[in-house]
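Asks: The structure that follows is given in the form of structure tokens.
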Amino acid sequence: MRSHRSRRSFGGLAAIVLTGAIVFTGCTDSGTDDGQAAGGSESTEPSEGGGHGDMEHPMDGGPAPEGMAPAEDPEFPVGTEVTLTADHMEGMHGAPATISGAFDTTTYSVSFTPTDGGEPVTDHRWVVHEELANPGEAPLAEGAEAVITAEHMAGMEGAAATIDSATEETVYMVDYEADGMMMTNHKWVVESEIEAA
């Protein structure tokens, strides 16, 4: 299984702009901040950590799903300059960012097999409740099954997923620069993955 934590080899240009998306390739990881398992794209075991693997990532994540409630009193209001502590993708940890959306909802870490035949993804962070098909009452329990309606990356939309964990933290969209390329409305980071700039 492909590791889900995104780490690239630096033997060449690892981020390629391709039809409006960033493709992260050659995922490797020699260690993690949280002590969880890590591995490269050739690993036969899944690893946790919330990364996005070597799948395509749109440079513009687009608007929030319909029906999401803006956070009433977020710690980091829209327009706030912050520092990201999440490590979902290479170049994210420690990156300066600007808050482009703040919402109150339930946010999930999920595991799923991409619909395009890609390798299984474990502990994908994050998918919000509004990005699941007919999810019922929030929060969904750990181990619950759901269908993803979001397309943060290729093969995600329509994939059957298992809920790994849930959080009620305020969830944010952010604009930040990764390896010289601007990511706008990146979905998602939760409040504990952000620090004041």
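Chain lettering (A, B, ...) mirrors the order of the structure tokens, residue numbering begins at 1 for each chain separately, and ligand numbering begins at 1 in order of display.
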If we count only C-alpha atoms, what is near range 99-115 of chain A at a cut-off of 7 Å, once residues fewer than 3 positions away on the same chain are taken out, given as number ranges by chain?

Replies: A: 68-71, 74, 77-81, 118-129, 138-139, 155-156, 158-168, 170-175, 185

Asks: Give me, as a ChimeraX atom specification, all polymer residues having an atom no more than 8 Å from His152 in chain A, counting only C-alpha atoms and skipping those fewer than 2 positions away in the same chain.

Replies: /A:57-58,61,150,154,156,187

Asks: Include N, CA and C atoms and write out the residues we just selected as a tab-separated table (two decimals), in the first residue's frame.

Replies:
chain	number	residue	atom	x	y	z
A	57	HIS	N	-3.30	17.48	-6.77
A	57	HIS	CA	-3.90	18.46	-5.87
A	57	HIS	C	-4.22	19.70	-6.66
A	58	PRO	N	-5.48	20.13	-6.70
A	58	PRO	CA	-5.77	21.37	-7.44
A	58	PRO	C	-5.10	22.56	-6.77
A	61	GLY	N	-8.54	25.20	-4.57
A	61	GLY	CA	-9.47	24.23	-4.01
A	61	GLY	C	-10.93	24.58	-4.19
A	150	ALA	N	-16.31	14.92	-2.08
A	150	ALA	CA	-15.27	15.89	-2.38
A	150	ALA	C	-14.29	15.34	-3.40
A	154	ALA	N	-7.41	13.39	-7.29
A	154	ALA	CA	-7.96	12.45	-8.27
A	154	ALA	C	-8.37	11.14	-7.59
A	156	MET	N	-10.86	10.60	-5.58
A	156	MET	CA	-11.50	10.72	-4.26
A	156	MET	C	-13.02	10.75	-4.36
A	187	LYS	N	-8.09	22.77	1.24
A	187	LYS	CA	-8.97	22.11	2.21
A	187	LYS	C	-8.28	20.86	2.73

Asks: Could you check the closest approach to Gly62 in chain A for each of A:Met183, A:Leu132, A:Ala146, A:Ala86 and tell me which residue wins, using only C-alpha atoms?

Replies: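 Among the listed residues, A:Met183 lies closest to Gly62 in chain A.
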
Asks: List every residue of range 52-182 of chain A that DSSP, applied to the backbone of this structure, places in strand (DSSP E), and write the result as a PyMOL selection string.

Replies: chain A and resi 56-58+69-70+81-84+96-104+107-112+121-128+145-147+160-167+171-178+181-182

Asks: Limited to C-alpha atoms, could you put the picked residues into a file as a CSV table (one decimal), in the first residue's frame?

Replies:
chain,number,residue,atom,x,y,z
A,56,GLU,CA,-3.1,15.4,-7.9
A,57,HIS,CA,-3.9,18.5,-5.9
A,58,PRO,CA,-5.8,21.4,-7.4
A,69,ALA,CA,-21.8,27.3,8.6
A,70,PRO,CA,-19.1,30.0,8.9
A,81,GLU,CA,-1.8,35.6,8.6
A,82,VAL,CA,-0.9,32.3,10.3
A,83,THR,CA,1.8,29.6,10.3
A,84,LEU,CA,0.8,26.0,9.4
A,96,PRO,CA,3.1,31.0,6.2
A,97,ALA,CA,-0.6,31.1,5.2
A,98,THR,CA,-3.6,33.3,5.0
A,99,ILE,CA,-7.0,32.1,6.3
A,100,SER,CA,-9.5,32.0,3.4
A,101,GLY,CA,-12.4,30.4,5.3
A,102,ALA,CA,-13.3,29.3,8.8
A,103,PHE,CA,-16.2,26.9,9.5
A,104,ASP,CA,-18.0,25.1,12.3
A,107,THR,CA,-14.1,17.1,10.4
A,108,TYR,CA,-12.9,13.5,9.7
A,109,SER,CA,-9.8,11.6,9.0
A,110,VAL,CA,-10.7,8.9,6.5
A,111,SER,CA,-9.2,5.9,4.7
A,112,PHE,CA,-10.3,5.0,1.2
A,121,VAL,CA,-5.0,5.9,1.2
A,122,THR,CA,-5.0,5.8,5.0
A,123,ASP,CA,-5.7,8.6,7.5
A,124,HIS,CA,-6.4,11.3,4.9
A,125,ARG,CA,-6.8,14.6,6.7
A,126,TRP,CA,-9.4,16.1,6.2
A,127,VAL,CA,-12.9,15.6,4.9
A,128,VAL,CA,-15.8,17.6,6.4
A,145,GLU,CA,-18.6,3.8,6.3
A,146,ALA,CA,-19.4,6.8,4.1
A,147,VAL,CA,-19.0,7.9,0.4
A,160,ALA,CA,-16.1,4.5,-0.2
A,161,ALA,CA,-14.4,5.6,3.0
A,162,THR,CA,-14.0,4.4,6.5
A,163,ILE,CA,-14.0,7.1,9.3
A,164,ASP,CA,-10.7,6.9,11.2
A,165,SER,CA,-11.4,9.8,13.6
A,166,ALA,CA,-13.5,12.9,14.0
A,167,THR,CA,-12.9,16.4,15.5
A,171,VAL,CA,-11.8,23.9,10.3
A,172,TYR,CA,-10.1,26.3,7.9
A,173,MET,CA,-9.4,26.8,4.2
A,174,VAL,CA,-6.0,28.4,3.7
A,175,ASP,CA,-3.9,30.1,1.0
A,176,TYR,CA,-0.2,29.3,1.1
A,177,GLU,CA,2.8,28.8,-1.1
A,178,ALA,CA,4.3,25.4,-1.7
A,181,MET,CA,3.3,27.5,-6.4
A,182,MET,CA,0.4,29.3,-4.7

Asks: Please report the interatomic distance between CA of Gly143 in chain A and CA of Glu131 in chain A in Å with one decimal.

Replies: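 Value for the CA of Gly143 in chain A-CA of Glu131 in chain A distance: 17.1 Å.
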
Asks: Distance CA of Gly136 in chain A-CA of Glu157 in chain A, one decimal place?

Replies: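 CA of Gly136 in chain A sits 18.3 Å away from CA of Glu157 in chain A.
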